[in-house]
Structure formats: C-alpha cells, structure tokens
There are 2 protein chains.
Amino acid sequence: MPNPTAAMLVIGDEILSGRTRDANMHYLATELTKAGIDLQEVRVVSDDPDAITAAVKALSAGYDTVFTSGGIGPTHDDITAENVARAFDRPIGIREDARALLAAHYARSGQELNEARLRMARIPDGATLIDNPISTAPGFSIKNVHVMAGVPSIFQAMLASILPTLTGGAPVLSQTLEINRGEGDIAGPLGELAARYSDLSIGSYPFQRDGCYGANIVIRGQDGSRVDAAMAELAAIFSA
Amino acid sequence: MPNPTAAMLVIGDEILSGRTRDANMHYLATELTKAGIDLQEVRVVSDDPDAITAAVKALSAGYDTVFTSGGIGPTHDDITAENVARAFDRPIGIREDARALLAAHYARSGQELNEARLRMARIPDGATLIDNPISTAPGFSIKNVHVMAGVPSIFQAMLASILPTLTGGAPVLSQTLEINRGEGDIAGPLGELAARYSDLSIGSYPFQRDGCYGANIVIRGQDGSRVDAAMAELAAIFSA
C-alpha cells in the first residue's frame, strides 16, 4: 500500500526576499520520512491573501495532509489564520479556549493581553488547537491542514504534538553506496538496475572531491529484502 | 511600476526526503532581490513527470520568469528536460551544438561520450543553451523558463550568465530596526504605520535573546525617501 502523502506550505515574504533562510522544510522532510509519510510537494508563497488561499485549497485537495509554517503571530503581516479560514469558507473569531491560554500566559509574565496579542486567539470555526509549549499562542488543525508557527523551535514543538496523531505508512528504508566514478559512467547500468527494481526509488547524487567525480547512489523502499537485493546487485556491477 | 515577477521550481526527491538540504532557493532569492526582480513563489516537486509538467505550466503562466533547479544530469532519475519540453508541447532531441560541447569536454578529459552522457545534449526545440563553465553540460532557456542544474556551484554559475539578460526593476531598498520589546507590544502602532505606508512592505521578525523578546522590523520599498520617512516614524514611535 502506498504511504500517506503530505505537502507543505511555507508562508512569508522574508523567505522569498532572501532575508531569512527557511529551516522548517528540511526538518519536516526528515521527520515525515521517519514517520513513513511521503512529502510530495512544498510551496513557498508571500504574505498575500489570494496566494495563501489558493495554495491551501490546491494542497489540501491534492494530498492527505498539509503542514503550513509562518504568519500566525500578532503583527499586521501575520495573515495566515484568516486566509486558511477563507480557503475553507469558515468564519474566524476569537475563541475562548485560545484566549484563556493567552490570558494565563500573559498574566504570568506580567504583560498585557492587548488587541494585537488577542489576534493570536482567532481560530477558524471547527478547528482543533495545536499546543505551543514554547510561547503559548496555539496553532490549529482544520480539515487536513495543520497551521503552525514559522519560528523553528515552535514549528518543531508543534510538529511533535501532531505527528503521533497521523497514520504513517511503512518506514522507508534507505541504503547508500558511494561510487568513485563520474555519473556518466554509472548511468547506463544504473538505469537498467532501476528499471528492474521499479518498486524502489534509486537516486544518483553526484559530487566532486579532490578533483575527482563520484556519486552517492541511494536505494529507497519499504521492503528491506528488495533494497538489500538491489544494493547487492549494484555493488556487484560496480566492483567489476 | 511594479517589478518583474519570478518563480522557482526545485525538482528532486532528495530534497523532499530530507536527504539533501536545498541551497539554491535562498541563493536565488538573494540574487533576484538585488536585481529588482520579485520572487513570488517557490515550488518543490519530486522526480515525477506529471508533477514537473504541471508545475512548469502553472508557474510559466503565472510569473514573468521561472527558474528551475535539478534533474538535468545523465542518470535515469534526471527527467527535467523532457518534462519541460512536454509542458510546452515541444519535441526534444540531441542538439548538435550541445553534443559538440560535450564531445570536446570529454575528449579533453579522456572520458567516453557514452549514451548516458549524450542525454545531457537533449534540448527542447527552440530553446537557447545556458553556459555551464563548471562541468560543460548546458542548461537551457525556453519561453520564460530557465532550466538549470541542482548542484549549487553550477546553479550559481548558470544564474550569473542569465541575470544580465533579464530586465530588472528598481532595486528594493531595505532598512531594519531592532526593537527590544515583544511583538505583541509593537503590533498595534506598527499596524497603523503599515496602513499609512501601504506602498511599502513592513515586516516584523521576532526573536528571543537572553530570555527577552524582540523583533526586527524591516521596511522595504523602491522609493528611498518613503523608506526613510517610514523608518523615522518607526524610530520615533518606539523611542517614546
């Protein structure tokens, strides 16, 4: 059975202007691979209402699960929540449980729960809150979309609370063989091997080291015995 | 006049599995910002023919310029060229000028120009070659899509040869003010400032340092006097 599929939507002008280097995509990719969930697409869009809404609709319809990152803070450029609500034609307003979380948090820290901070309690109707153990303001899940913070430490904490609730597939096993020849020398026999093992994913990742070309050949699949068999053939071909 | 728009398409299972951390997106974002070209969307898709074709069509129709990264090497998993051709209903075959480049390169290095390496001379009809000073195998431009290698050093060299051929807009000027208060304290006045300067992009990027919250407020725009004016107001508001 194929593994469940996922997509990611990164929201933020700061990524697209080069001001900030996104760190959440690589983290999510690694965690989903471990969980047996197949990340098939990532989109990065700017802080633009129509771009966010269109991407949420397209990815929610196309994949089993969608993770978003960014745009759920208190400032005017944090517009993710209302546009996720808009994508699903849901009303959005301040929700009492989210407000209570924030009220307790700011009371403890002696800060004011002002209008801006209250924006972080706006949750689309019918959504479930995602716990934020770092800075309290929650994320939320609506339909198959999980809306999370862009700050990496918070993104990671939120993901940790969602992942156990998702149905993963068989973990994908991976073996790598480094071959110290140029990809062009490897490509013919490698392509034939890949055709014989079409149930596996066989990738070639070239490198250059000390002036010599080489490639890491990565064989991935859910059936360990098939991965072993393909790797044994690969090693035999290139040790000849 | 608004700046020209751009999108990027990153192609490769290795990014989506977490095996490889993409480096080209951040590089491209930085270079385009310097050139006054507005990167508005990035998509990452797997080595899947339909995913590549659909993304090329959508991005080519939606933005002035598209840059792709990855999938133009000699191995079986390098399927970008044929699927870009398919997106534009163009035939693809080995092109004589590309073959000549490869033949000269491999003759110099004493390697065989075999069938696998010849795949790198397959260029869609009507495309223009992009010079590859690192490892010779060319990229290509077709319509508004520039097809480049995924290896960062080659991606960067190819981009350097394309950028001067593109019409940039006014460079975007940027000023940053660090404010050592929580975003929730800043958000109200900042939102009012952003509304008064709706021709500028004003972003708030929170941080936590030594247990204290703060935010970098970034004001970006093409008109330096407007950016100056907004920054002066911002400084006045938060020095009060």
# chains A, B, ... in the order shown; residues from 1 in each chain; ligands from 1

call {"tool": "select_by_dssp", "arguments": {"residues": "region 151-232 of chain B", "states": "strand (DSSP E)", "output": "list in words"}}
result
Leu173, Ser174, Gln175, Thr176, Leu177, Glu178, Ile179, Ser201, Ile202, Gly203, Ser204, Tyr205, Pro206, Phe207, Gln208, Arg209, Cys212, Tyr213, Gly214, Ala215, Asn216, Ile217, Val218, Ile219, Arg220 and Gly221 of chain B

call {"tool": "residues_around", "arguments": {"residues": "Ala137 (chain B)", "least_positions_apart": "2", "cutoff": "8 Å", "atoms": "only C-alpha atoms", "output": "list of chain:residue names"}}
result
B:Ala98, B:Leu101, B:Leu102, B:Met120, B:Ala121, B:Asn132, B:Ser135, B:Gly139

call {"tool": "write_last_selection", "arguments": {"atoms": "all heavy atoms", "output": "compact mmCIF listing (two decimals), in the first residue's frame"}}
result
# COMPACT_ATOMS: atom_id res chain seq x y z
N ALA B 98 25.02 21.32 -28.51
CA ALA B 98 25.20 20.78 -27.15
C ALA B 98 26.08 19.54 -27.20
O ALA B 98 26.97 19.34 -26.35
CB ALA B 98 23.85 20.45 -26.53
N LEU B 101 29.73 20.55 -27.57
CA LEU B 101 30.30 21.00 -26.29
C LEU B 101 30.73 19.80 -25.44
O LEU B 101 31.84 19.77 -24.89
CB LEU B 101 29.26 21.80 -25.49
CG LEU B 101 28.91 23.21 -25.97
CD1 LEU B 101 27.69 23.73 -25.19
CD2 LEU B 101 30.11 24.14 -25.77
N LEU B 102 29.83 18.81 -25.34
CA LEU B 102 30.13 17.64 -24.52
C LEU B 102 31.28 16.83 -25.13
O LEU B 102 32.16 16.35 -24.40
CB LEU B 102 28.88 16.76 -24.38
CG LEU B 102 27.73 17.39 -23.58
CD1 LEU B 102 26.49 16.52 -23.66
CD2 LEU B 102 28.13 17.59 -22.11
N MET B 120 22.55 14.46 -21.83
CA MET B 120 22.67 15.87 -21.41
C MET B 120 22.72 16.82 -22.61
O MET B 120 22.75 18.04 -22.42
CB MET B 120 23.90 16.03 -20.52
CG MET B 120 23.78 15.20 -19.24
SD MET B 120 25.06 15.57 -18.03
CE MET B 120 26.49 14.81 -18.79
N ALA B 121 22.75 16.29 -23.82
CA ALA B 121 22.67 17.14 -25.02
C ALA B 121 21.25 17.21 -25.57
O ALA B 121 21.01 17.82 -26.61
CB ALA B 121 23.62 16.61 -26.10
N ASN B 132 27.59 26.42 -19.05
CA ASN B 132 27.99 25.77 -17.80
C ASN B 132 29.50 25.75 -17.70
O ASN B 132 30.16 24.84 -18.22
CB ASN B 132 27.41 24.35 -17.76
CG ASN B 132 27.95 23.53 -16.59
OD1 ASN B 132 28.79 23.99 -15.82
ND2 ASN B 132 27.46 22.31 -16.45
N SER B 135 31.02 22.24 -15.47
CA SER B 135 31.10 20.85 -15.94
C SER B 135 30.53 20.69 -17.34
O SER B 135 30.22 19.58 -17.76
CB SER B 135 30.36 19.93 -14.96
OG SER B 135 29.00 20.34 -14.83
N GLY B 139 22.59 24.12 -19.43
CA GLY B 139 21.16 24.29 -19.15
C GLY B 139 20.51 24.85 -20.40
O GLY B 139 21.13 24.95 -21.46

call {"tool": "interface_residues", "arguments": {"of": "chain A", "to": "chain B", "cutoff": "7 Å", "atoms": "only C-alpha atoms", "output": "JSON list (two decimals) with N, CA, C and O atoms, in the first residue's frame"}}
result
[["chain", "number", "residue", "atom", "x", "y", "z"],
["A", 16, "LEU", "N", 11.15, 34.65, 0.66],
["A", 16, "LEU", "CA", 11.24, 34.91, -0.78],
["A", 16, "LEU", "C", 12.14, 36.10, -1.10],
["A", 16, "LEU", "O", 12.61, 36.23, -2.24],
["A", 17, "SER", "N", 12.39, 36.96, -0.13],
["A", 17, "SER", "CA", 13.32, 38.08, -0.37],
["A", 17, "SER", "C", 14.75, 37.68, -0.05],
["A", 17, "SER", "O", 15.68, 38.44, -0.31],
["A", 18, "GLY", "N", 14.94, 36.50, 0.54],
["A", 18, "GLY", "CA", 16.28, 36.07, 0.91],
["A", 18, "GLY", "C", 16.70, 36.57, 2.29],
["A", 18, "GLY", "O", 17.80, 36.28, 2.74],
["A", 21, "ARG", "N", 16.57, 32.39, 5.83],
["A", 21, "ARG", "CA", 16.74, 31.08, 5.19],
["A", 21, "ARG", "C", 15.78, 30.12, 5.87],
["A", 21, "ARG", "O", 15.87, 29.89, 7.06],
["A", 26, "HIS", "N", 13.37, 21.41, 5.58],
["A", 26, "HIS", "CA", 14.27, 20.27, 5.73],
["A", 26, "HIS", "C", 13.94, 19.47, 6.98],
["A", 26, "HIS", "O", 13.99, 18.23, 6.97],
["A", 29, "ALA", "N", 10.75, 17.46, 6.23],
["A", 29, "ALA", "CA", 11.06, 16.37, 5.31],
["A", 29, "ALA", "C", 11.68, 15.19, 6.05],
["A", 29, "ALA", "O", 11.30, 14.03, 5.85],
["A", 30, "THR", "N", 12.61, 15.48, 6.92],
["A", 30, "THR", "CA", 13.30, 14.43, 7.67],
["A", 30, "THR", "C", 12.34, 13.70, 8.60],
["A", 30, "THR", "O", 12.34, 12.46, 8.68],
["A", 33, "THR", "N", 9.77, 11.51, 6.63],
["A", 33, "THR", "CA", 10.40, 10.30, 6.11],
["A", 33, "THR", "C", 10.50, 9.24, 7.20],
["A", 33, "THR", "O", 10.18, 8.07, 6.98],
["A", 39, "LEU", "N", 6.36, 13.14, 1.73],
["A", 39, "LEU", "CA", 6.26, 14.56, 1.40],
["A", 39, "LEU", "C", 6.46, 14.72, -0.11],
["A", 39, "LEU", "O", 7.53, 14.42, -0.63],
["A", 40, "GLN", "N", 5.42, 15.17, -0.81],
["A", 40, "GLN", "CA", 5.48, 15.18, -2.27],
["A", 40, "GLN", "C", 5.59, 16.57, -2.88],
["A", 40, "GLN", "O", 5.92, 16.71, -4.05],
["A", 41, "GLU", "N", 5.25, 17.59, -2.11],
["A", 41, "GLU", "CA", 5.34, 18.95, -2.67],
["A", 41, "GLU", "C", 5.51, 19.97, -1.57],
["A", 41, "GLU", "O", 4.95, 19.82, -0.48],
["A", 42, "VAL", "N", 6.29, 21.00, -1.85],
["A", 42, "VAL", "CA", 6.41, 22.15, -0.97],
["A", 42, "VAL", "C", 6.14, 23.40, -1.81],
["A", 42, "VAL", "O", 6.60, 23.49, -2.95],
["A", 43, "ARG", "N", 5.37, 24.33, -1.26],
["A", 43, "ARG", "CA", 5.23, 25.63, -1.90],
["A", 43, "ARG", "C", 5.61, 26.71, -0.91],
["A", 43, "ARG", "O", 5.31, 26.60, 0.28],
["A", 44, "VAL", "N", 6.25, 27.75, -1.41],
["A", 44, "VAL", "CA", 6.55, 28.93, -0.62],
["A", 44, "VAL", "C", 5.82, 30.09, -1.27],
["A", 44, "VAL", "O", 5.99, 30.33, -2.47],
["A", 45, "VAL", "N", 4.97, 30.78, -0.52],
["A", 45, "VAL", "CA", 4.25, 31.93, -1.06],
["A", 45, "VAL", "C", 4.46, 33.14, -0.16],
["A", 45, "VAL", "O", 4.87, 33.01, 1.00],
["A", 46, "SER", "N", 4.16, 34.31, -0.70],
["A", 46, "SER", "CA", 4.37, 35.55, 0.05],
["A", 46, "SER", "C", 3.18, 35.83, 0.96],
["A", 46, "SER", "O", 2.19, 35.10, 0.95],
["A", 74, "PRO", "N", 1.30, 38.12, 16.11],
["A", 74, "PRO", "CA", 0.37, 39.20, 16.42],
["A", 74, "PRO", "C", 0.42, 40.40, 15.48],
["A", 74, "PRO", "O", -0.39, 41.32, 15.64],
["A", 75, "THR", "N", 1.39, 40.45, 14.55],
["A", 75, "THR", "CA", 1.55, 41.69, 13.79],
["A", 75, "THR", "C", 0.72, 41.69, 12.50],
["A", 75, "THR", "O", 0.19, 40.66, 12.09],
["A", 76, "HIS", "N", 0.63, 42.89, 11.88],
["A", 76, "HIS", "CA", -0.25, 43.08, 10.72],
["A", 76, "HIS", "C", 0.10, 42.17, 9.56],
["A", 76, "HIS", "O", -0.74, 41.92, 8.69],
["A", 77, "ASP", "N", 1.37, 41.73, 9.49],
["A", 77, "ASP", "CA", 1.77, 40.88, 8.36],
["A", 77, "ASP", "C", 1.52, 39.40, 8.66],
["A", 77, "ASP", "O", 1.89, 38.54, 7.86],
["A", 116, "ALA", "N", -3.53, 43.31, 19.80],
["A", 116, "ALA", "CA", -2.64, 42.61, 18.87],
["A", 116, "ALA", "C", -2.44, 41.16, 19.32],
["A", 116, "ALA", "O", -2.54, 40.22, 18.52],
["A", 117, "ARG", "N", -2.18, 40.97, 20.61],
["A", 117, "ARG", "CA", -1.95, 39.59, 21.09],
["A", 117, "ARG", "C", -3.21, 38.76, 20.98],
["A", 117, "ARG", "O", -3.15, 37.55, 20.73],
["A", 183, "GLU", "N", 29.16, 10.30, -12.91],
["A", 183, "GLU", "CA", 27.78, 9.84, -13.12],
["A", 183, "GLU", "C", 27.57, 9.29, -14.53],
["A", 183, "GLU", "O", 26.79, 8.37, -14.73],
["A", 184, "GLY", "N", 28.26, 9.89, -15.50],
["A", 184, "GLY", "CA", 28.09, 9.46, -16.88],
["A", 184, "GLY", "C", 28.56, 8.03, -17.11],
["A", 184, "GLY", "O", 28.07, 7.33, -18.00],
["A", 187, "ALA", "N", 25.69, 5.79, -15.28],
["A", 187, "ALA", "CA", 24.28, 5.98, -15.62],
["A", 187, "ALA", "C", 23.66, 4.81, -16.37],
["A", 187, "ALA", "O", 22.51, 4.43, -16.08],
["A", 188, "GLY", "N", 24.37, 4.21, -17.33],
["A", 188, "GLY", "CA", 23.79, 3.14, -18.14],
["A", 188, "GLY", "C", 23.36, 1.95, -17.30],
["A", 188, "GLY", "O", 22.16, 1.62, -17.23],
["A", 191, "GLY", "N", 20.63, 2.76, -14.74],
["A", 191, "GLY", "CA", 19.29, 2.88, -15.31],
["A", 191, "GLY", "C", 18.64, 1.51, -15.53],
["A", 191, "GLY", "O", 17.45, 1.32, -15.29],
["A", 203, "GLY", "N", 18.22, 6.78, -6.62],
["A", 203, "GLY", "CA", 18.66, 8.12, -6.98],
["A", 203, "GLY", "C", 20.17, 8.21, -7.04],
["A", 203, "GLY", "O", 20.88, 7.48, -6.34],
["A", 204, "SER", "N", 20.67, 9.09, -7.88],
["A", 204, "SER", "CA", 22.11, 9.30, -8.03],
["A", 204, "SER", "C", 22.44, 10.75, -7.71],
["A", 204, "SER", "O", 21.89, 11.66, -8.32]]

call {"tool": "closest_residue", "arguments": {"among": "A:Ile217, A:Ala170, A:Ile237, A:Met231", "to": "Pro2 (chain A)", "atoms": "only C-alpha atoms"}}
result
A:Ala170

call {"tool": "atom_distance", "arguments": {"atom1": "CA of Ala55 (chain B)", "atom2": "CA of Ala157 (chain B)"}}
result
24.0 Å

call {"tool": "closest_residue", "arguments": {"among": "A:Arg86, A:Gly36, A:Tyr63, A:Arg95", "to": "Pro49 (chain A)", "atoms": "only C-alpha atoms"}}
result
A:Arg86

call {"tool": "residues_around", "arguments": {"residues": "Asn83 (chain A)", "least_positions_apart": "6", "cutoff": "8 Å", "atoms": "only C-alpha atoms", "output": "PyMOL selection string"}}
result
chain A and resi 49-50+52-53

call {"tool": "residues_around", "arguments": {"residues": "Ile92 (chain B)", "least_positions_apart": "5", "cutoff": "6 Å", "atoms": "only C-alpha atoms", "output": "CSV table (one decimal) with N, CA, C and O atoms, in the first residue's frame"}}
result
chain,number,residue,atom,x,y,z
B,123,ILE,N,17.9,18.7,-25.9
B,123,ILE,CA,17.4,20.1,-25.6
B,123,ILE,C,16.1,20.3,-26.4
B,123,ILE,O,16.0,19.9,-27.5
B,124,PRO,N,15.1,20.8,-25.7
B,124,PRO,CA,13.8,21.0,-26.4
B,124,PRO,C,14.0,21.9,-27.6
B,124,PRO,O,14.8,22.9,-27.6
B,125,ASP,N,13.2,21.7,-28.7
B,125,ASP,CA,13.2,22.5,-29.9
B,125,ASP,C,13.0,24.0,-29.5
B,125,ASP,O,12.0,24.3,-28.8

call {"tool": "atom_distance", "arguments": {"atom1": "CA of Ala58 (chain A)", "atom2": "CA of Phe88 (chain A)"}}
result
11.3 Å

call {"tool": "atom_distance", "arguments": {"atom1": "CA of Thr128 (chain A)", "atom2": "CA of Ser109 (chain A)"}}
result
25.6 Å

call {"tool": "select_by_dssp", "arguments": {"residues": "region 140-214 of chain A", "states": "alpha helix (DSSP H)", "output": "PDB file with N, CA, C and O atoms, in the first residue's frame"}}
result
ATOM      1  N   PRO A 152      11.444  28.283  14.079  1.00  0.00           N
ATOM      2  CA  PRO A 152      11.755  26.861  14.029  1.00  0.00           C
ATOM      3  C   PRO A 152      11.513  26.096  15.337  1.00  0.00           C
ATOM      4  O   PRO A 152      10.969  24.990  15.310  1.00  0.00           O
ATOM      5  N   SER A 153      11.873  26.669  16.469  1.00  0.00           N
ATOM      6  CA  SER A 153      11.694  25.921  17.727  1.00  0.00           C
ATOM      7  C   SER A 153      10.209  25.652  17.979  1.00  0.00           C
ATOM      8  O   SER A 153       9.840  24.583  18.492  1.00  0.00           O
ATOM      9  N   ILE A 154       9.348  26.594  17.629  1.00  0.00           N
ATOM     10  CA  ILE A 154       7.911  26.415  17.845  1.00  0.00           C
ATOM     11  C   ILE A 154       7.340  25.455  16.796  1.00  0.00           C
ATOM     12  O   ILE A 154       6.518  24.588  17.109  1.00  0.00           O
ATOM     13  N   PHE A 155       7.788  25.626  15.548  1.00  0.00           N
ATOM     14  CA  PHE A 155       7.361  24.697  14.492  1.00  0.00           C
ATOM     15  C   PHE A 155       7.662  23.255  14.892  1.00  0.00           C
ATOM     16  O   PHE A 155       6.821  22.356  14.752  1.00  0.00           O
ATOM     17  N   GLN A 156       8.853  23.044  15.406  1.00  0.00           N
ATOM     18  CA  GLN A 156       9.262  21.677  15.759  1.00  0.00           C
ATOM     19  C   GLN A 156       8.435  21.127  16.919  1.00  0.00           C
ATOM     20  O   GLN A 156       8.049  19.950  16.913  1.00  0.00           O
ATOM     21  N   ALA A 157       8.152  21.988  17.902  1.00  0.00           N
ATOM     22  CA  ALA A 157       7.358  21.539  19.054  1.00  0.00           C
ATOM     23  C   ALA A 157       5.932  21.216  18.627  1.00  0.00           C
ATOM     24  O   ALA A 157       5.340  20.221  19.073  1.00  0.00           O
ATOM     25  N   MET A 158       5.369  22.044  17.747  1.00  0.00           N
ATOM     26  CA  MET A 158       4.012  21.785  17.269  1.00  0.00           C
ATOM     27  C   MET A 158       3.958  20.492  16.451  1.00  0.00           C
ATOM     28  O   MET A 158       3.035  19.683  16.585  1.00  0.00           O
ATOM     29  N   LEU A 159       4.966  20.299  15.606  1.00  0.00           N
ATOM     30  CA  LEU A 159       5.003  19.081  14.794  1.00  0.00           C
ATOM     31  C   LEU A 159       5.071  17.844  15.685  1.00  0.00           C
ATOM     32  O   LEU A 159       4.430  16.825  15.409  1.00  0.00           O
ATOM     33  N   ALA A 160       5.837  17.946  16.773  1.00  0.00           N
ATOM     34  CA  ALA A 160       5.971  16.804  17.682  1.00  0.00           C
ATOM     35  C   ALA A 160       4.634  16.414  18.283  1.00  0.00           C
ATOM     36  O   ALA A 160       4.394  15.235  18.586  1.00  0.00           O
ATOM     37  N   SER A 161       3.731  17.388  18.450  1.00  0.00           N
ATOM     38  CA  SER A 161       2.436  17.037  19.031  1.00  0.00           C
ATOM     39  C   SER A 161       1.449  16.534  17.976  1.00  0.00           C
ATOM     40  O   SER A 161       0.493  15.842  18.289  1.00  0.00           O
ATOM     41  N   ILE A 162       1.688  16.862  16.722  1.00  0.00           N
ATOM     42  CA  ILE A 162       0.781  16.398  15.653  1.00  0.00           C
ATOM     43  C   ILE A 162       1.159  15.009  15.144  1.00  0.00           C
ATOM     44  O   ILE A 162       0.297  14.175  14.878  1.00  0.00           O
ATOM     45  N   GLU A 183      29.159  10.299 -12.911  1.00  0.00           N
ATOM     46  CA  GLU A 183      27.781   9.844 -13.118  1.00  0.00           C
ATOM     47  C   GLU A 183      27.571   9.292 -14.533  1.00  0.00           C
ATOM     48  O   GLU A 183      26.789   8.369 -14.726  1.00  0.00           O
ATOM     49  N   GLY A 184      28.260   9.893 -15.496  1.00  0.00           N
ATOM     50  CA  GLY A 184      28.086   9.457 -16.882  1.00  0.00           C
ATOM     51  C   GLY A 184      28.558   8.032 -17.109  1.00  0.00           C
ATOM     52  O   GLY A 184      28.067   7.334 -18.000  1.00  0.00           O
ATOM     53  N   ASP A 185      29.522   7.574 -16.317  1.00  0.00           N
ATOM     54  CA  ASP A 185      29.980   6.184 -16.426  1.00  0.00           C
ATOM     55  C   ASP A 185      29.032   5.223 -15.735  1.00  0.00           C
ATOM     56  O   ASP A 185      28.947   4.043 -16.078  1.00  0.00           O
ATOM     57  N   ILE A 186      28.338   5.712 -14.728  1.00  0.00           N
ATOM     58  CA  ILE A 186      27.463   4.876 -13.918  1.00  0.00           C
ATOM     59  C   ILE A 186      26.084   4.745 -14.546  1.00  0.00           C
ATOM     60  O   ILE A 186      25.392   3.737 -14.379  1.00  0.00           O
ATOM     61  N   ALA A 187      25.694   5.788 -15.281  1.00  0.00           N
ATOM     62  CA  ALA A 187      24.279   5.980 -15.616  1.00  0.00           C
ATOM     63  C   ALA A 187      23.655   4.807 -16.374  1.00  0.00           C
ATOM     64  O   ALA A 187      22.509   4.427 -16.078  1.00  0.00           O
ATOM     65  N   GLY A 188      24.372   4.211 -17.334  1.00  0.00           N
ATOM     66  CA  GLY A 188      23.791   3.142 -18.144  1.00  0.00           C
ATOM     67  C   GLY A 188      23.365   1.951 -17.304  1.00  0.00           C
ATOM     68  O   GLY A 188      22.165   1.616 -17.226  1.00  0.00           O
ATOM     69  N   PRO A 189      24.328   1.280 -16.636  1.00  0.00           N
ATOM     70  CA  PRO A 189      23.963   0.130 -15.791  1.00  0.00           C
ATOM     71  C   PRO A 189      22.995   0.502 -14.665  1.00  0.00           C
ATOM     72  O   PRO A 189      22.129  -0.296 -14.301  1.00  0.00           O
ATOM     73  N   LEU A 190      23.125   1.712 -14.149  1.00  0.00           N
ATOM     74  CA  LEU A 190      22.243   2.127 -13.062  1.00  0.00           C
ATOM     75  C   LEU A 190      20.800   2.231 -13.554  1.00  0.00           C
ATOM     76  O   LEU A 190      19.856   1.817 -12.858  1.00  0.00           O
ATOM     77  N   GLY A 191      20.627   2.764 -14.744  1.00  0.00           N
ATOM     78  CA  GLY A 191      19.286   2.881 -15.310  1.00  0.00           C
ATOM     79  C   GLY A 191      18.645   1.511 -15.526  1.00  0.00           C
ATOM     80  O   GLY A 191      17.447   1.318 -15.289  1.00  0.00           O
ATOM     81  N   GLU A 192      19.472   0.544 -15.953  1.00  0.00           N
ATOM     82  CA  GLU A 192      18.944  -0.821 -16.139  1.00  0.00           C
ATOM     83  C   GLU A 192      18.529  -1.428 -14.801  1.00  0.00           C
ATOM     84  O   GLU A 192      17.493  -2.087 -14.691  1.00  0.00           O
ATOM     85  N   LEU A 193      19.351  -1.205 -13.787  1.00  0.00           N
ATOM     86  CA  LEU A 193      19.009  -1.693 -12.444  1.00  0.00           C
ATOM     87  C   LEU A 193      17.697  -1.064 -11.963  1.00  0.00           C
ATOM     88  O   LEU A 193      16.813  -1.750 -11.432  1.00  0.00           O
ATOM     89  N   ALA A 194      17.572   0.257 -12.163  1.00  0.00           N
ATOM     90  CA  ALA A 194      16.363   0.958 -11.718  1.00  0.00           C
ATOM     91  C   ALA A 194      15.132   0.420 -12.438  1.00  0.00           C
ATOM     92  O   ALA A 194      14.049   0.313 -11.850  1.00  0.00           O
ATOM     93  N   ALA A 195      15.287   0.060 -13.700  1.00  0.00           N
ATOM     94  CA  ALA A 195      14.144  -0.475 -14.450  1.00  0.00           C
ATOM     95  C   ALA A 195      13.744  -1.846 -13.907  1.00  0.00           C
ATOM     96  O   ALA A 195      12.555  -2.177 -13.842  1.00  0.00           O
ATOM     97  N   ARG A 196      14.738  -2.658 -13.511  1.00  0.00           N
ATOM     98  CA  ARG A 196      14.429  -3.986 -12.957  1.00  0.00           C
ATOM     99  C   ARG A 196      13.811  -3.886 -11.565  1.00  0.00           C
ATOM    100  O   ARG A 196      13.058  -4.755 -11.143  1.00  0.00           O
TER     101      ARG A 196
END

call {"tool": "decode", "arguments": {"residues": "region 109-139 of chain A", "atoms": "C-alpha atoms", "output": "compact mmCIF listing (two decimals), in the first residue's frame"}}
result
# COMPACT_ATOMS: atom_id res chain seq x y z
CA SER A 109 4.64 37.17 32.58
CA GLY A 110 3.08 40.48 33.64
CA GLN A 111 2.38 41.55 30.07
CA GLU A 112 -0.81 42.98 28.68
CA LEU A 113 -3.15 40.80 26.61
CA ASN A 114 -3.78 43.63 24.19
CA GLU A 115 -5.67 43.70 20.89
CA ALA A 116 -2.64 42.61 18.87
CA ARG A 117 -1.95 39.59 21.09
CA LEU A 118 -5.64 38.69 21.02
CA ARG A 119 -5.30 38.23 17.24
CA MET A 120 -3.42 35.04 18.09
CA ALA A 121 -6.64 33.65 19.65
CA ARG A 122 -8.51 33.94 16.34
CA ILE A 123 -9.22 30.38 15.23
CA PRO A 124 -11.39 29.26 12.30
CA ASP A 125 -14.68 27.61 13.32
CA GLY A 126 -14.35 23.88 13.80
CA ALA A 127 -10.55 23.82 14.10
CA THR A 128 -8.61 21.94 16.79
CA LEU A 129 -5.85 23.77 18.69
CA ILE A 130 -2.22 22.70 18.41
CA ASP A 131 -0.27 23.03 21.65
CA ASN A 132 2.60 25.56 21.76
CA PRO A 133 4.85 24.72 24.71
CA ILE A 134 7.33 27.47 23.79
CA SER A 135 5.33 30.70 23.63
CA THR A 136 1.72 29.54 24.24
CA ALA A 137 -0.04 31.06 21.18
CA PRO A 138 -1.56 27.94 19.61
CA GLY A 139 -1.54 26.61 16.09
